[in-house]
file work_21.tsv (TSV, C-alpha atoms)
chain	number	residue	atom	x	y	z
J	28	MET	CA	6.24	-3.90	-13.62
J	29	PRO	CA	6.44	-2.09	-10.24
J	30	SER	CA	3.81	-2.80	-7.60
J	31	THR	CA	2.67	0.83	-7.81
J	32	LEU	CA	2.04	2.67	-11.07
J	33	ARG	CA	2.81	6.36	-11.49
J	34	VAL	CA	-0.29	8.02	-12.96
J	35	GLY	CA	-0.80	11.14	-15.04
J	36	ILE	CA	-4.16	12.68	-15.92
J	37	VAL	CA	-4.64	14.86	-18.99
J	38	GLY	CA	-7.79	16.93	-18.58
J	39	ALA	CA	-7.72	16.79	-14.78
J	40	GLY	CA	-9.78	19.98	-14.49
J	41	GLY	CA	-12.97	18.55	-16.01
J	42	TYR	CA	-15.66	16.43	-14.37
J	43	THR	CA	-14.30	13.06	-15.48
J	44	GLY	CA	-10.77	14.27	-14.73
J	45	ALA	CA	-11.78	15.32	-11.22
J	46	GLU	CA	-13.44	11.94	-10.71
J	47	LEU	CA	-10.21	10.26	-11.81
J	48	VAL	CA	-8.29	12.30	-9.25
J	49	ARG	CA	-10.63	11.02	-6.53
J	50	LEU	CA	-10.42	7.41	-7.63
J	51	VAL	CA	-6.68	7.28	-8.29
J	52	HIS	CA	-6.04	8.83	-4.87
J	53	GLY	CA	-8.02	6.03	-3.22
J	54	HIS	CA	-6.34	3.25	-5.20
J	55	PRO	CA	-3.68	1.27	-3.28
J	56	ARG	CA	-1.53	0.64	-6.36
J	57	LEU	CA	-1.80	3.96	-8.19
J	58	ASP	CA	0.14	7.13	-7.38
J	59	LEU	CA	-0.99	10.39	-8.99
J	60	VAL	CA	2.18	12.31	-9.86
J	61	TRP	CA	1.28	14.52	-12.84
J	62	VAL	CA	-1.79	16.47	-13.95
J	63	ALA	CA	-2.43	18.52	-17.07
J	64	ALA	CA	-5.22	20.75	-18.34
J	65	ASN	CA	-4.44	23.33	-20.99
J	66	GLN	CA	-7.22	25.80	-20.11
J	67	ARG	CA	-6.26	25.74	-16.43
J	68	ALA	CA	-2.51	25.31	-16.88
J	69	GLY	CA	-0.57	26.98	-14.12
J	70	GLN	CA	-3.33	26.56	-11.54
J	71	LYS	CA	-2.90	24.39	-8.50
J	72	LEU	CA	-5.02	21.27	-8.67
J	73	ALA	CA	-6.73	22.43	-5.48
J	74	ASP	CA	-8.00	25.54	-7.31
J	75	ALA	CA	-9.38	23.57	-10.26
J	76	VAL	CA	-10.69	20.67	-8.14
J	77	PRO	CA	-11.58	22.12	-4.73
J	78	THR	CA	-12.33	18.69	-3.23
J	79	VAL	CA	-8.57	17.98	-2.94
J	80	ARG	CA	-7.88	20.99	-0.72
J	81	GLY	CA	-5.99	20.05	2.41
J	82	ILE	CA	-4.94	16.64	1.06
J	83	SER	CA	-1.17	16.39	1.23
J	84	GLY	CA	0.42	15.51	-2.09
J	85	LEU	CA	-2.64	16.40	-4.16
J	86	GLY	CA	-3.51	20.00	-3.47
J	87	GLU	CA	0.06	21.09	-4.23
J	88	LEU	CA	0.15	19.54	-7.70
J	89	VAL	CA	0.18	22.14	-10.47
J	90	LEU	CA	-1.71	21.64	-13.71
J	91	GLU	CA	0.63	21.69	-16.67
J	92	SER	CA	-0.07	22.25	-20.34
J	93	PHE	CA	0.49	19.16	-22.43
J	94	ASP	CA	2.77	19.42	-25.45
J	95	PRO	CA	2.73	16.31	-27.70
J	96	GLN	CA	6.23	17.27	-28.86
J	97	LYS	CA	7.44	16.68	-25.30
J	98	ALA	CA	5.57	13.44	-24.70
J	99	ALA	CA	8.80	11.48	-24.28
J	100	LYS	CA	9.73	13.55	-21.25
J	101	THR	CA	6.25	13.13	-19.85
J	102	ALA	CA	6.42	9.36	-20.36
J	103	GLU	CA	9.58	9.26	-18.26
J	104	ARG	CA	7.59	10.59	-15.30
J	105	ILE	CA	4.59	8.26	-15.52
J	106	ASP	CA	3.67	4.64	-16.18
J	107	VAL	CA	0.09	5.21	-17.26
J	108	ALA	CA	-1.86	8.22	-18.52
J	109	PHE	CA	-5.60	8.76	-18.33
J	110	THR	CA	-6.70	11.16	-21.05
J	111	ALA	CA	-10.00	12.84	-20.22
J	112	LEU	CA	-10.53	15.10	-23.20
J	113	PRO	CA	-13.38	15.75	-25.68
J	114	HIS	CA	-13.50	13.66	-28.84
J	115	GLY	CA	-11.04	14.90	-31.44
J	116	ALA	CA	-8.82	16.48	-28.82
J	117	SER	CA	-7.44	13.14	-27.62
J	118	THR	CA	-6.04	11.84	-30.88
J	119	LEU	CA	-2.66	13.58	-31.00
J	120	VAL	CA	-2.23	13.43	-27.23
J	121	VAL	CA	-2.83	9.68	-27.15
J	122	ARG	CA	-0.66	9.01	-30.18
J	123	SER	CA	2.28	10.92	-28.72
J	124	LEU	CA	2.02	9.15	-25.35
J	125	VAL	CA	1.68	5.70	-26.92
J	126	GLU	CA	4.68	6.33	-29.16
J	127	ALA	CA	6.63	7.49	-26.11
J	128	GLY	CA	5.96	4.15	-24.42
J	129	ALA	CA	3.27	5.10	-21.90
J	130	ARG	CA	0.25	2.94	-21.20
J	131	VAL	CA	-2.85	5.01	-22.02
J	132	VAL	CA	-6.49	4.81	-20.98
J	133	ASP	CA	-8.49	7.24	-23.12
J	134	LEU	CA	-11.92	8.43	-22.01
J	135	SER	CA	-12.88	10.16	-25.28
J	136	ALA	CA	-14.66	8.55	-28.23
J	137	ASP	CA	-11.55	8.74	-30.40
J	138	PHE	CA	-10.50	5.09	-30.12
J	139	ARG	CA	-13.71	3.22	-29.31
J	140	LEU	CA	-14.75	2.42	-32.88
J	141	LYS	CA	-12.80	-0.24	-34.75
J	142	ASN	CA	-13.77	0.74	-38.27
J	143	ARG	CA	-12.20	3.87	-39.75
J	144	ASP	CA	-15.11	4.46	-42.13
J	145	THR	CA	-17.62	4.15	-39.32
J	146	TYR	CA	-15.65	6.67	-37.29
J	147	ALA	CA	-15.55	9.05	-40.25
J	148	ALA	CA	-19.31	8.77	-40.76
J	149	TRP	CA	-20.05	9.83	-37.18
J	150	TYR	CA	-17.08	11.99	-36.16
J	151	GLY	CA	-15.09	12.92	-39.27
J	152	ASP	CA	-11.53	12.03	-40.28
J	153	HIS	CA	-9.44	10.28	-37.66
J	154	GLY	CA	-6.07	11.76	-36.74
J	155	ALA	CA	-4.40	8.45	-35.83
J	156	PRO	CA	-6.19	5.68	-37.77
J	157	GLU	CA	-3.28	3.27	-37.27
J	158	LEU	CA	-4.21	3.04	-33.58
J	159	LEU	CA	-7.87	2.11	-34.07
J	160	GLY	CA	-7.09	-1.58	-34.42
J	161	LYS	CA	-4.71	-1.53	-31.45
J	162	ALA	CA	-7.08	0.02	-28.90
J	163	VAL	CA	-9.05	-2.38	-26.68
J	164	TYR	CA	-12.63	-1.47	-25.81
J	165	GLY	CA	-12.50	-1.03	-22.04
J	166	LEU	CA	-15.64	-2.80	-20.87
J	167	PRO	CA	-14.05	-5.52	-18.71
J	168	GLU	CA	-17.23	-7.56	-18.38
J	169	LEU	CA	-17.13	-8.21	-22.14
J	170	HIS	CA	-13.47	-7.78	-23.15
J	171	ARG	CA	-11.47	-9.16	-20.23
J	172	SER	CA	-9.13	-11.38	-22.25
J	173	GLU	CA	-8.32	-8.61	-24.73
J	174	LEU	CA	-7.62	-6.14	-21.93
J	175	LEU	CA	-4.93	-8.32	-20.41
J	176	GLY	CA	-1.67	-6.43	-20.95
J	177	ALA	CA	-3.33	-3.80	-23.17
J	178	ARG	CA	-1.27	-0.66	-23.78
J	179	LEU	CA	-4.10	1.44	-25.23
J	180	ILE	CA	-7.56	1.19	-23.70
J	181	ALA	CA	-10.62	3.03	-25.00
J	182	ALA	CA	-12.93	3.55	-22.03
J	183	PRO	CA	-16.60	3.18	-23.10
J	184	GLY	CA	-19.06	6.04	-23.16
J	185	CYS	CA	-21.64	6.42	-20.41
J	186	TYR	CA	-24.72	5.94	-22.59
J	187	PRO	CA	-23.20	2.91	-24.37
J	188	THR	CA	-22.28	1.28	-21.05
J	189	SER	CA	-25.81	1.55	-19.69
J	190	SER	CA	-27.27	0.38	-23.02
J	191	ILE	CA	-24.89	-2.52	-23.70
J	192	LEU	CA	-24.96	-4.11	-20.24
J	193	PRO	CA	-28.65	-5.10	-20.15
J	194	LEU	CA	-28.78	-6.15	-23.82
J	195	ALA	CA	-25.51	-8.06	-24.27
J	196	PRO	CA	-26.54	-11.21	-22.33
J	197	LEU	CA	-29.88	-11.37	-24.15
J	198	LEU	CA	-28.26	-11.20	-27.57
J	199	ALA	CA	-25.40	-13.53	-26.69
J	200	GLN	CA	-27.87	-16.20	-25.51
J	201	ASN	CA	-30.37	-15.59	-28.32
J	202	LEU	CA	-33.12	-14.69	-25.85
J	203	VAL	CA	-34.44	-11.77	-27.94
J	204	GLU	CA	-34.82	-10.93	-31.61
J	205	LYS	CA	-32.01	-9.01	-33.25
J	206	HIS	CA	-34.24	-6.43	-34.90
J	207	GLY	CA	-36.49	-3.74	-33.48
J	208	ILE	CA	-34.38	-2.97	-30.39
J	209	ILE	CA	-35.26	0.34	-28.72
J	210	ILE	CA	-33.10	2.14	-26.14
J	211	ASP	CA	-34.39	5.02	-24.03
J	212	ALA	CA	-31.76	6.63	-21.78
J	213	LYS	CA	-31.90	9.51	-19.32
J	214	SER	CA	-28.66	11.15	-18.15
J	215	GLY	CA	-27.66	13.66	-15.52
J	216	VAL	CA	-26.37	17.04	-16.64
J	217	SER	CA	-22.74	16.34	-15.67
J	218	GLY	CA	-22.52	14.09	-18.73
J	219	ALA	CA	-22.22	17.24	-20.85
J	220	GLY	CA	-18.93	18.18	-19.19
J	221	ARG	CA	-17.81	21.22	-17.24
J	222	SER	CA	-17.93	23.81	-20.02
J	223	PRO	CA	-21.03	25.97	-19.51
J	224	GLY	CA	-23.90	26.12	-22.01
J	225	PRO	CA	-27.50	27.40	-21.99
J	226	ALA	CA	-29.01	23.90	-21.90
J	227	TYR	CA	-27.04	23.08	-18.74
J	228	HIS	CA	-27.74	26.39	-16.98
J	229	TYR	CA	-29.48	25.62	-13.66
J	230	PRO	CA	-32.78	27.45	-14.35
J	231	GLU	CA	-33.14	25.60	-17.66
J	232	ALA	CA	-31.99	22.17	-16.55
J	233	ALA	CA	-33.25	21.87	-12.98
J	234	GLU	CA	-36.99	21.49	-13.65
J	235	GLY	CA	-37.18	20.36	-17.24
J	236	MET	CA	-36.50	17.16	-19.15
J	237	ARG	CA	-35.80	16.89	-22.83
J	238	PRO	CA	-34.69	14.47	-25.55
J	239	TYR	CA	-31.89	15.49	-27.90
J	240	LYS	CA	-30.09	14.18	-30.98
J	241	VAL	CA	-32.89	11.72	-31.72
J	242	ALA	CA	-33.61	9.45	-34.71
J	243	GLY	CA	-30.12	8.10	-35.19
J	244	LYS	CA	-28.26	11.38	-34.76
J	245	HIS	CA	-26.46	10.69	-31.48
J	246	ARG	CA	-22.87	9.56	-32.05
J	247	HIS	CA	-22.98	6.97	-29.29
J	248	THR	CA	-25.37	4.97	-31.47
J	249	SER	CA	-22.41	3.67	-33.48
J	250	GLU	CA	-20.61	2.49	-30.35
J	251	ILE	CA	-23.68	0.71	-29.03
J	252	GLU	CA	-24.27	-1.03	-32.36
J	253	GLN	CA	-20.63	-2.09	-32.65
J	254	GLU	CA	-20.62	-3.84	-29.27
J	255	LEU	CA	-24.09	-5.37	-29.50
J	256	SER	CA	-23.32	-6.69	-32.99
J	257	LEU	CA	-20.33	-8.53	-31.55
J	258	GLN	CA	-22.54	-10.21	-28.97
J	259	ALA	CA	-25.29	-11.05	-31.47
J	260	LYS	CA	-22.83	-12.16	-34.16
J	261	ALA	CA	-24.90	-10.12	-36.60
J	262	ASP	CA	-25.01	-6.55	-37.88
J	263	LEU	CA	-27.48	-4.76	-35.62
J	264	ARG	CA	-29.28	-1.44	-35.77
J	265	VAL	CA	-30.94	0.12	-32.74
J	266	VAL	CA	-33.21	3.09	-32.06
J	267	PHE	CA	-31.47	5.18	-29.41
J	268	THR	CA	-33.08	8.17	-27.69
J	269	PRO	CA	-30.99	10.11	-25.14
J	270	GLN	CA	-32.65	12.50	-22.72
J	271	LEU	CA	-31.33	15.10	-20.31
J	272	ALA	CA	-32.65	14.61	-16.77
J	273	PRO	CA	-32.63	17.24	-14.00
J	274	MET	CA	-29.95	15.66	-11.81
J	275	ASN	CA	-26.17	15.99	-11.52
J	276	ARG	CA	-25.14	12.34	-11.78
J	277	GLY	CA	-26.61	9.13	-13.05
J	278	ILE	CA	-28.05	7.38	-16.08
J	279	LEU	CA	-31.17	5.26	-16.17
J	280	THR	CA	-31.54	3.29	-19.39
J	281	CYS	CA	-34.53	1.18	-20.43
J	282	THR	CA	-34.12	-1.16	-23.40
J	283	TYR	CA	-36.91	-2.95	-25.27
J	284	ALA	CA	-36.46	-6.12	-27.33
J	285	THR	CA	-38.86	-8.72	-28.70
J	286	ALA	CA	-38.69	-11.93	-26.65
J	287	ARG	CA	-37.98	-15.19	-28.41
J	288	PRO	CA	-40.16	-18.22	-27.58
J	289	GLY	CA	-39.43	-19.55	-24.10
J	290	THR	CA	-37.70	-16.43	-22.81
J	291	THR	CA	-38.57	-15.42	-19.25
J	292	ALA	CA	-37.39	-12.65	-16.96
J	293	GLU	CA	-35.57	-15.29	-14.91
J	294	SER	CA	-33.75	-16.68	-17.96
J	295	CYS	CA	-32.60	-13.13	-18.74
J	296	ARG	CA	-31.32	-12.67	-15.19
J	297	GLU	CA	-29.48	-15.99	-15.29
J	298	ALA	CA	-27.82	-15.08	-18.61
J	299	ALA	CA	-26.65	-11.78	-17.17
J	300	LYS	CA	-25.33	-13.35	-13.96
J	301	LYS	CA	-23.32	-15.86	-15.96
J	302	LEU	CA	-21.87	-13.27	-18.33
J	303	TYR	CA	-20.97	-10.76	-15.63
J	304	GLN	CA	-19.26	-13.01	-13.10
J	305	GLY	CA	-16.24	-11.25	-11.66
J	306	GLY	CA	-17.24	-7.84	-13.00
J	307	LEU	CA	-18.91	-4.85	-11.38
J	308	VAL	CA	-22.50	-5.56	-12.45
J	309	THR	CA	-25.23	-6.39	-9.95
J	310	VAL	CA	-28.18	-8.25	-11.43
J	311	LEU	CA	-31.22	-7.35	-9.34
J	312	GLU	CA	-33.49	-10.18	-8.24
J	313	GLY	CA	-37.21	-10.63	-8.67
J	314	ASP	CA	-39.25	-7.48	-9.10
J	315	ALA	CA	-36.48	-5.12	-7.90
J	316	LEU	CA	-35.91	-2.23	-10.32
J	317	PRO	CA	-32.81	-0.04	-10.65
J	318	ASP	CA	-32.52	3.45	-9.23
J	319	THR	CA	-29.75	5.94	-10.02
J	320	LEU	CA	-29.59	6.88	-6.34
J	321	TRP	CA	-28.45	3.37	-5.45
J	322	VAL	CA	-25.31	3.64	-7.62
J	323	ARG	CA	-24.46	7.31	-7.08
J	324	GLY	CA	-20.68	7.55	-6.59
J	325	SER	CA	-20.33	3.78	-7.12
J	326	ALA	CA	-18.33	1.86	-9.69
J	327	ARG	CA	-21.11	-0.69	-10.01
J	328	ALA	CA	-23.99	-1.04	-12.48
J	329	HIS	CA	-27.42	-2.32	-11.48
J	330	VAL	CA	-29.21	-4.36	-14.16
J	331	ALA	CA	-32.77	-5.71	-14.01
J	332	TYR	CA	-35.22	-7.47	-16.30
J	333	ALA	CA	-38.98	-7.75	-16.73
J	334	LEU	CA	-41.06	-9.55	-19.34
J	335	ASP	CA	-44.21	-7.95	-20.70
J	336	GLU	CA	-46.00	-11.17	-21.61
J	337	ARG	CA	-48.92	-9.36	-23.23
J	338	ALA	CA	-46.65	-7.52	-25.68
J	339	GLY	CA	-43.95	-10.19	-25.87
J	340	VAL	CA	-41.24	-7.68	-25.00
J	341	VAL	CA	-38.26	-7.97	-22.65
J	342	LEU	CA	-37.51	-4.81	-20.73
J	343	GLY	CA	-33.83	-4.63	-19.76
J	344	MET	CA	-32.91	-1.83	-17.37
J	345	CYS	CA	-29.64	-0.39	-16.13
J	346	ALA	CA	-28.63	2.32	-13.68
J	347	ILE	CA	-25.08	3.69	-13.44
J	348	ASP	CA	-23.31	6.79	-12.24
J	349	ASN	CA	-22.33	8.42	-15.54
J	350	LEU	CA	-19.07	9.80	-14.10
J	351	ALA	CA	-18.14	6.53	-12.37
J	352	LYS	CA	-19.10	3.26	-14.11
J	353	GLY	CA	-19.97	5.42	-17.10
J	354	ALA	CA	-16.52	7.00	-17.30
J	355	SER	CA	-13.73	7.32	-14.73
J	356	ALA	CA	-14.38	4.29	-12.51
J	357	GLN	CA	-14.72	2.09	-15.56
J	358	ALA	CA	-11.44	3.48	-16.90
J	359	VAL	CA	-9.73	2.45	-13.66
J	360	GLN	CA	-11.54	-0.91	-13.72
J	361	ALA	CA	-10.22	-1.52	-17.25
J	362	LEU	CA	-6.69	-0.66	-16.10
J	363	ASN	CA	-7.12	-3.09	-13.21
J	364	ALA	CA	-8.16	-5.80	-15.67
J	365	SER	CA	-5.18	-5.07	-17.91
J	366	MET	CA	-2.89	-5.56	-14.90
J	367	GLU	CA	-4.70	-8.72	-13.71
J	368	TRP	CA	-5.76	-6.92	-10.55
J	369	PRO	CA	-9.28	-7.43	-9.12
J	370	ASP	CA	-11.82	-5.30	-10.97
J	371	ALA	CA	-12.94	-3.55	-7.80
J	372	LEU	CA	-9.43	-2.76	-6.51
J	373	GLY	CA	-9.43	0.83	-5.26
J	374	LEU	CA	-12.96	1.49	-6.48
J	375	PRO	CA	-16.07	2.40	-4.45
J	376	GLU	CA	-18.64	-0.38	-4.68
J	377	VAL	CA	-21.14	1.14	-2.24
J	378	GLY	CA	-23.04	4.16	-3.54
J	379	MET	CA	-23.62	7.35	-1.58
J	380	PHE	CA	-27.01	7.19	0.12
J	381	PRO	CA	-29.01	9.34	0.17
call {"tool": "encode", "arguments": {"input": "work_21.tsv", "output": "structure tokens"}}
result
Amino acid sequence: MPSTLRVGIVGAGGYTGAELVRLVHGHPRLDLVWVAANQRAGQKLADAVPTVRGISGLGELVLESFDPQKAAKTAERIDVAFTALPHGASTLVVRSLVEAGARVVDLSADFRLKNRDTYAAWYGDHGAPELLGKAVYGLPELHRSELLGARLIAAPGCYPTSSILPLAPLLAQNLVEKHGIIIDAKSGVSGAGRSPGPAYHYPEAAEGMRPYKVAGKHRHTSEIEQELSLQAKADLRVVFTPQLAPMNRGILTCTYATARPGTTAESCREAAKKLYQGGLVTVLEGDALPDTLWVRGSARAHVAYALDERAGVVLGMCAIDNLAKGASAQAVQALNASMEWPDALGLPEVGMFP
């Protein structure tokens, strides 16, 4: 394998695609050579992603349309493809690239679930079910050994990342009960993507806050339950409530679980520190609580714990940038892990402040 990988991005004109452009450009071992976006095909990358204007080698790239029938020719030009497309749209693109021999990191939900029936229940029929068992869930802190050498990586969703990280150590170490887990998550508007819609129109989003797809209707529930069940070694169900917050970037997630006898906030912190060694998770000390501002633009997650002794409930909290650790930065981190490179290689660890 060459010391530098040639990278292609499908969906480079969207928010996660634009974030990938930024991160790949700053990575010492990745070289962005090809970009595609069907709706903006023919445009210069600088017109679709204005932040690359004036940067030699980036601004001149032209967005191409991607034809799965010509995937073999595309695979000759790249070593790895990041596919940043909506769920359902990735399936044929990913299949064609994998069959053509490219390494693929997919940012959609199309390959995150292992069970075909579970996928069908939440998303409908799968277009490439033979690949479900071959895709590795791209959360390096929990799946590092499986990621090693992986050819198809399914980058986790933003809500699942911020929900799984605070709960996984507690379930793995049997610090909380496996039933009655509640997850309350608030996300910035960029999580809905670049396509306009009334709910994301500035006058409606800027000074309001609202829950949506509640009571088990949000598709990310299945992803959260899959990963937490692996840690708990039991079939789990959670109550997940997503909410739209009036900010561009960031997710703040608060999880609630019944403490088992002897569990303390410090024992929760120690479990998380042990599990997340070598990853991009910061476990906050003492009474420090996470803030989305602290991780804005960063590839890191901030996790914290508190114990409500009166109610016997552990509060696990997590703040991430939904476009970074919740999407594009985590996709690059997973690629790093698959190549046995340091997780943080080429990734911003310090958030933008203020």
call {"tool": "residues_around", "arguments": {"input": "work_21.tsv", "residues": "stretch 341-356 of chain J", "least_positions_apart": "6", "cutoff": "8 Å", "atoms": "all atoms listed in the file", "output": "MDAnalysis selection string"}}
result
chainID J and resid 42:44 46:47 50 134 182:186 188:190 192:194 203 214:215 217:218 276:286 292 316:319 322:335 374
call {"tool": "closest_residue", "arguments": {"input": "work_21.tsv", "among": "J:Ser172, J:Thr110, J:Thr101, J:Thr118", "to": "J:Ala364", "atoms": "all atoms listed in the file"}}
result
J:Ser172
call {"tool": "closest_residue", "arguments": {"input": "work_21.tsv", "among": "J:Val131, J:Leu202, J:Leu372, J:Ala39", "to": "J:Leu88", "atoms": "only C-alpha atoms"}}
result
J:Ala39
call {"tool": "atom_distance", "arguments": {"input": "work_21.tsv", "atom1": "atom CA of J:Ala233", "atom2": "atom CA of J:Pro273"}}
result
4.8 Å
call {"tool": "closest_residue", "arguments": {"input": "work_21.tsv", "among": "J:Arg139, J:Arg246, J:Lys301, J:Arg104", "to": "J:Ser117", "atoms": "all atoms listed in the file"}}
result
J:Arg139
call {"tool": "residues_around", "arguments": {"input": "work_21.tsv", "residues": "J:Gln304", "least_positions_apart": "6", "cutoff": "12 Å", "atoms": "all atoms listed in the file", "output": "PyMOL selection string"}}
result
chain J and resi 167-169+171+196+297-298+310+370
call {"tool": "write_last_selection", "arguments": {"input": "work_21.tsv", "atoms": "C-alpha atoms", "output": "short mmCIF file (atom, residue, chain, number, x, y, z; two decimals), in the coordinates of the input"}}
result
data_model
loop_
_atom_site.label_atom_id
_atom_site.label_comp_id
_atom_site.auth_asym_id
_atom_site.auth_seq_id
_atom_site.Cartn_x
_atom_site.Cartn_y
_atom_site.Cartn_z
CA PRO J 167 -14.05 -5.52 -18.71
CA GLU J 168 -17.23 -7.56 -18.38
CA LEU J 169 -17.13 -8.21 -22.14
CA ARG J 171 -11.47 -9.16 -20.23
CA PRO J 196 -26.54 -11.21 -22.33
CA GLU J 297 -29.48 -15.99 -15.29
CA ALA J 298 -27.82 -15.08 -18.61
CA VAL J 310 -28.18 -8.25 -11.43
CA ASP J 370 -11.82 -5.30 -10.97
#
call {"tool": "closest_residue", "arguments": {"input": "work_21.tsv", "among": "J:His54, J:Gly176, J:Val125, J:Ala73", "to": "J:Glu157", "atoms": "only C-alpha atoms"}}
result
J:Val125
call {"tool": "residues_around", "arguments": {"input": "work_21.tsv", "residues": "J:Tyr150", "least_positions_apart": "6", "cutoff": "9 Å", "atoms": "only C-alpha atoms", "output": "short mmCIF file (atom, residue, chain, number, x, y, z; two decimals) with C-alpha atoms, keeping the file's coordinate frame"}}
result
data_model
loop_
_atom_site.label_atom_id
_atom_site.label_comp_id
_atom_site.auth_asym_id
_atom_site.auth_seq_id
_atom_site.Cartn_x
_atom_site.Cartn_y
_atom_site.Cartn_z
CA HIS J 114 -13.50 13.66 -28.84
CA GLY J 115 -11.04 14.90 -31.44
CA ALA J 136 -14.66 8.55 -28.23
CA ASP J 137 -11.55 8.74 -30.40
CA ARG J 246 -22.87 9.56 -32.05
#
call {"tool": "residues_around", "arguments": {"input": "work_21.tsv", "residues": "J:Leu119", "least_positions_apart": "2", "cutoff": "8 Å", "atoms": "only C-alpha atoms", "output": "list in words"}}
result
Pro95, Ala116, Ser117, Val121, Arg122, Ser123, Gly154 and Ala155 of chain J
call {"tool": "closest_residue", "arguments": {"input": "work_21.tsv", "among": "J:Ala371, J:Ser365, J:Ala259, J:Glu103", "to": "J:Val163", "atoms": "all atoms listed in the file"}}
result
J:Ser365
call {"tool": "build_atoms", "arguments": {"input": "work_21.tsv", "residues": "stretch 64-78 of chain J", "atoms": "N, CA and C atoms", "output": "PDB file, in the frame of the given file"}}
result
ATOM      1  N   ALA J  64      -3.955  20.198 -17.850  1.00  0.00           N
ATOM      2  CA  ALA J  64      -5.220  20.750 -18.340  1.00  0.00           C
ATOM      3  C   ALA J  64      -4.911  22.087 -18.970  1.00  0.00           C
ATOM      4  N   ASN J  65      -4.934  22.133 -20.288  1.00  0.00           N
ATOM      5  CA  ASN J  65      -4.440  23.330 -20.990  1.00  0.00           C
ATOM      6  C   ASN J  65      -5.152  24.610 -20.573  1.00  0.00           C
ATOM      7  N   GLN J  66      -6.482  24.577 -20.438  1.00  0.00           N
ATOM      8  CA  GLN J  66      -7.220  25.800 -20.110  1.00  0.00           C
ATOM      9  C   GLN J  66      -6.941  26.285 -18.691  1.00  0.00           C
ATOM     10  N   ARG J  67      -6.540  25.368 -17.820  1.00  0.00           N
ATOM     11  CA  ARG J  67      -6.260  25.740 -16.430  1.00  0.00           C
ATOM     12  C   ARG J  67      -4.782  25.566 -16.094  1.00  0.00           C
ATOM     13  N   ALA J  68      -3.943  25.497 -17.105  1.00  0.00           N
ATOM     14  CA  ALA J  68      -2.510  25.310 -16.880  1.00  0.00           C
ATOM     15  C   ALA J  68      -1.970  26.419 -15.994  1.00  0.00           C
ATOM     16  N   GLY J  69      -1.141  26.024 -15.050  1.00  0.00           N
ATOM     17  CA  GLY J  69      -0.570  26.980 -14.120  1.00  0.00           C
ATOM     18  C   GLY J  69      -1.318  27.056 -12.803  1.00  0.00           C
ATOM     19  N   GLN J  70      -2.557  26.584 -12.780  1.00  0.00           N
ATOM     20  CA  GLN J  70      -3.330  26.560 -11.540  1.00  0.00           C
ATOM     21  C   GLN J  70      -2.903  25.370 -10.675  1.00  0.00           C
ATOM     22  N   LYS J  71      -3.030  25.534  -9.378  1.00  0.00           N
ATOM     23  CA  LYS J  71      -2.900  24.390  -8.500  1.00  0.00           C
ATOM     24  C   LYS J  71      -4.118  23.493  -8.678  1.00  0.00           C
ATOM     25  N   LEU J  72      -3.901  22.206  -8.535  1.00  0.00           N
ATOM     26  CA  LEU J  72      -5.020  21.270  -8.670  1.00  0.00           C
ATOM     27  C   LEU J  72      -6.122  21.610  -7.678  1.00  0.00           C
ATOM     28  N   ALA J  73      -5.743  22.086  -6.498  1.00  0.00           N
ATOM     29  CA  ALA J  73      -6.730  22.430  -5.480  1.00  0.00           C
ATOM     30  C   ALA J  73      -7.631  23.576  -5.908  1.00  0.00           C
ATOM     31  N   ASP J  74      -7.160  24.439  -6.817  1.00  0.00           N
ATOM     32  CA  ASP J  74      -8.000  25.540  -7.310  1.00  0.00           C
ATOM     33  C   ASP J  74      -8.956  25.058  -8.386  1.00  0.00           C
ATOM     34  N   ALA J  75      -8.523  24.105  -9.205  1.00  0.00           N
ATOM     35  CA  ALA J  75      -9.380  23.570 -10.260  1.00  0.00           C
ATOM     36  C   ALA J  75     -10.348  22.517  -9.728  1.00  0.00           C
ATOM     37  N   VAL J  76      -9.895  21.736  -8.739  1.00  0.00           N
ATOM     38  CA  VAL J  76     -10.690  20.670  -8.140  1.00  0.00           C
ATOM     39  C   VAL J  76     -10.703  20.892  -6.634  1.00  0.00           C
ATOM     40  N   PRO J  77     -11.608  21.716  -6.138  1.00  0.00           N
ATOM     41  CA  PRO J  77     -11.580  22.120  -4.730  1.00  0.00           C
ATOM     42  C   PRO J  77     -11.688  20.973  -3.733  1.00  0.00           C
ATOM     43  N   THR J  78     -12.171  19.828  -4.152  1.00  0.00           N
ATOM     44  CA  THR J  78     -12.330  18.690  -3.230  1.00  0.00           C
ATOM     45  C   THR J  78     -10.990  18.134  -2.742  1.00  0.00           C
TER      46      THR J  78
END
